[in-house]
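Visitor: Okay, handing you the structure first.
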Amino acid sequence: MASDALTHETLIATIRDYVDQLVEEGLEGVPLGERKAARTISESPAASPPARGTAPQAASSSAELFAAYPGIEKTSTLEELREFVGDCTRCKLAPMRRNLVFGVGDPSADLMFVGEAPGADEDARGEPFVGRAGQLLTDIIERGMGMTRAEVYICNVIKCRPPDNRNPEPDEVARCEPFLMRQIDIVRPRVIVGLGTFAVQALLRVKTPISRMRGVWHELRGIKMMPTFHPAYLLRNPADKRLVWSDIQMVMKELGRAIPRRSGL
Ligand code: SF4
């Protein structure tokens with residue numbers, strides 16, 4: 001029975017992986033039942049790409065964003081914000097997490113990476129991007145950009161792991177998003193790199209697939225943002241590393257950093 005359950009879980013995980021891959025690639029309309037249909041339908045209507053050079057912005061003002069969390073705007077350091085978040089139980093993910101994954105890196109970094117949500121490795125260690133996808137992100141930062149993880153800031157839209165690595169749900173994003181926005185306000189990086197469909201759509205409040213947003217500058221809270229593919233997607237689709245490398249080179253140029261010799265992904 002245990003092996004049956006394992007097979008079932010593996011099958012579900014494989015299908016989910018495949019659907020996520022299709023969504024990441026920009027496919028619209030996959031008839032896979034109610035939950036997935038909701039995702040794909042939400043990507044379809046008017047999913048027109050932003051014109052080059054335009055900069056879609058998140059809709060909410062700070063007042064709207066922080067209304068439910070009085071006092072959050074008074075936090076002026078990441079330590080104060082972490083204290084404000086505390087042992088958070090503000091959404092239904094709280095009882096299922098092992099560790100709240102707040103973020104790591106330089107609190108005054110020029111460059112911030114924002115992913116979707118912690119996975120199993122991140123939940124276990126309390127640090128974002130430490131699994132296989134995390135290693136690839138580290139390679140992008142170190143081998144590609146010639147920087148160190150300690151020089152950048154890395155966090156996620158959602159601070160607690162969704163069960164079975166499912167996508168975060170809208171109510172969870174709504175509860176957790178103010179923490180990320182305050183992190184962005186405090187760090188004030190010069191450039192944000194949004195990693196993957198979910199993170200970028202949540203940040204910019206659009207339904208456009210990542211494949212149509214990457215390679216184009218957007219704006220978030222007055223900061224330039226470059227969407228690109230999630231490292232987990234690159235593990236399954238290594239051929240698309242060249243597209244990420246192209247996006248990263250745009251980021252390096254914006255930061256005024258030279259591209260290291262013999263770098264690449
Ligand atoms: S996901 Fe965010 S809002 Fe939900 S419990 Fe964790 S920290 Fe709180």
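Ligands are numbered from 1 in the order shown, chains are lettered A, B, ... in the order of the structure tokens, and residues start at 1 in each chain.
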Residues of chain A that approach ligand 1 to 10 Å or less, counting only C-alpha atoms and all ligand atoms: could you list each one with the shortest pair of atoms and its distance in Å to one decimal, rows by chain and increasing residue number, as a tab-separated table?

Guide:
```
residue	atom	partner	partner_atom_place_in_ligand_line	distance
A:Arg82	CA	ligand 1	7 (S)	9.8
A:Val85	CA	ligand 1	7 (S)	6.6
A:Gly86	CA	ligand 1	7 (S)	8.3
A:Asp87	CA	ligand 1	8 (Fe)	7.7
A:Cys88	CA	ligand 1	8 (Fe)	4.3
A:Thr89	CA	ligand 1	5 (S)	4.4
A:Arg90	CA	ligand 1	3 (S)	4.6
A:Cys91	CA	ligand 1	4 (Fe)	3.9
A:Lys92	CA	ligand 1	4 (Fe)	6.2
A:Leu93	CA	ligand 1	5 (S)	5.2
A:Ala94	CA	ligand 1	5 (S)	4.0
A:Pro95	CA	ligand 1	5 (S)	7.8
A:Met96	CA	ligand 1	5 (S)	9.0
A:Arg97	CA	ligand 1	6 (Fe)	7.8
A:Asn99	CA	ligand 1	6 (Fe)	9.0
A:Leu100	CA	ligand 1	6 (Fe)	6.2
A:Val101	CA	ligand 1	7 (S)	7.9
A:Phe102	CA	ligand 1	7 (S)	7.8
A:Ala117	CA	ligand 1	1 (S)	8.4
A:Pro118	CA	ligand 1	1 (S)	9.5
A:Asn156	CA	ligand 1	2 (Fe)	9.9
A:Val157	CA	ligand 1	2 (Fe)	8.4
A:Ile158	CA	ligand 1	1 (S)	5.0
A:Lys159	CA	ligand 1	1 (S)	4.6
A:Cys160	CA	ligand 1	1 (S)	4.3
A:Arg161	CA	ligand 1	1 (S)	7.2
A:Pro162	CA	ligand 1	1 (S)	8.0
A:Pro168	CA	ligand 1	1 (S)	8.6
A:Asp171	CA	ligand 1	4 (Fe)	9.0
A:Glu172	CA	ligand 1	4 (Fe)	5.7
A:Val173	CA	ligand 1	1 (S)	7.4
A:Ala174	CA	ligand 1	3 (S)	7.9
A:Arg175	CA	ligand 1	3 (S)	4.6
A:Cys176	CA	ligand 1	2 (Fe)	3.9
A:Glu177	CA	ligand 1	2 (Fe)	7.4
A:Pro178	CA	ligand 1	3 (S)	8.7
A:Phe179	CA	ligand 1	2 (Fe)	7.5
A:Leu180	CA	ligand 1	2 (Fe)	9.1
```

Visitor: Given the choices A:Gly134, A:Pro189, A:Pro70, A:Gly119, which gets closest to Gly222 in chain A if the distance is worked out from only C-alpha atoms?

Guide: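 Ranking A:Gly134, A:Pro189, A:Pro70, A:Gly119 by distance to Gly222 in chain A, first place goes to A:Pro189.
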
Visitor: Just give me the gap between CA of Pro231 in chain A and CA of Pro260 in chain A in Å, one decimal is fine.

Guide: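 Interatomic distance, CA of Pro231 in chain A to CA of Pro260 in chain A: 20.7 Å.
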
Visitor: Using only C-alpha atoms, can you tell me which of A:Ala150, A:Ala109, A:Leu195, A:Val187 comes closest to Ala133 in chain A?

Guide: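 Going through A:Ala150, A:Ala109, A:Leu195, A:Val187 one by one, the smallest distance to Ala133 in chain A is for A:Leu195.
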
Visitor: Just the number, please: distance in Å from CA of Lys224 in chain A to CA of Tyr69 in chain A, one decimal.

Guide: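 Straight-line distance from CA of Lys224 in chain A to CA of Tyr69 in chain A works out to 25.9 Å.
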
Visitor: Skip range 241-243 of chain A itself and residues of its chain fewer than 2 positions away, then list as a PyMOL selection string all residues within 9 Å of it, counting only C-alpha atoms.

Guide: chain A and resi 214-215+228-229+231+234+237-239+245-248+264-265

Visitor: Next, write the just-selected residues to a file, as a tab-separated table (two decimals), in the first residue's frame, keeping C-alpha atoms as the atom set.

Guide:
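The resulting out-v5.tsv:
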```
chain	number	residue	atom	x	y	z
A	214	ARG	CA	11.12	38.02	-19.89
A	215	GLY	CA	13.73	40.11	-21.62
A	228	THR	CA	13.11	35.57	-16.18
A	229	PHE	CA	12.60	31.82	-16.00
A	231	PRO	CA	15.83	27.94	-12.04
A	234	LEU	CA	15.84	25.55	-16.29
A	237	ASN	CA	14.75	22.85	-19.89
A	238	PRO	CA	18.48	23.55	-19.97
A	239	ALA	CA	18.26	24.82	-23.55
A	245	TRP	CA	21.71	34.48	-19.65
A	246	SER	CA	20.45	37.15	-22.05
A	247	ASP	CA	18.17	38.56	-19.30
A	248	ILE	CA	21.00	38.44	-16.76
A	264	GLY	CA	27.88	32.05	-18.84
A	265	LEU	CA	25.31	29.51	-17.66
```

Visitor: For each of A:Glu79, A:Glu73, A:Asp123, A:Glu64, take the minimum atom-to-atom distance to Arg182 in chain A, counting only C-alpha atoms, then give the residue where this is smallest.

Guide: A:Glu73

Visitor: Got a sec: who's within 12 Å of Glu83 in chain A, counting only C-alpha atoms, leaving out chain neighbours fewer than 6 positions off, as a list in words?

Guide: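 Using only C-alpha atoms, the neighbours found are Gly71, Ile72, Lys74, Thr75, Ser76, Thr77, Phe102 and Phe179 of chain A.
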
Visitor: Need to verify the contact set: Pro227 in chain A, 12 Å, only C-alpha atoms, exclusion of same-chain residues closer than 6 positions in sequence. Can you return it as number ranges by chain?

Guide: A: 24, 55-56, 112-115, 191-204, 208-220, 243-244, 246-248, 250-251

Visitor: For each of A:Glu122, A:Glu127, A:Glu116, A:Glu142, take the minimum atom-to-atom distance to Asn167 in chain A, counting only C-alpha atoms, then give the residue where this is smallest.

Guide: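 Looking only at the distances to Asn167 in chain A, the closest residue turns out to be A:Glu116.
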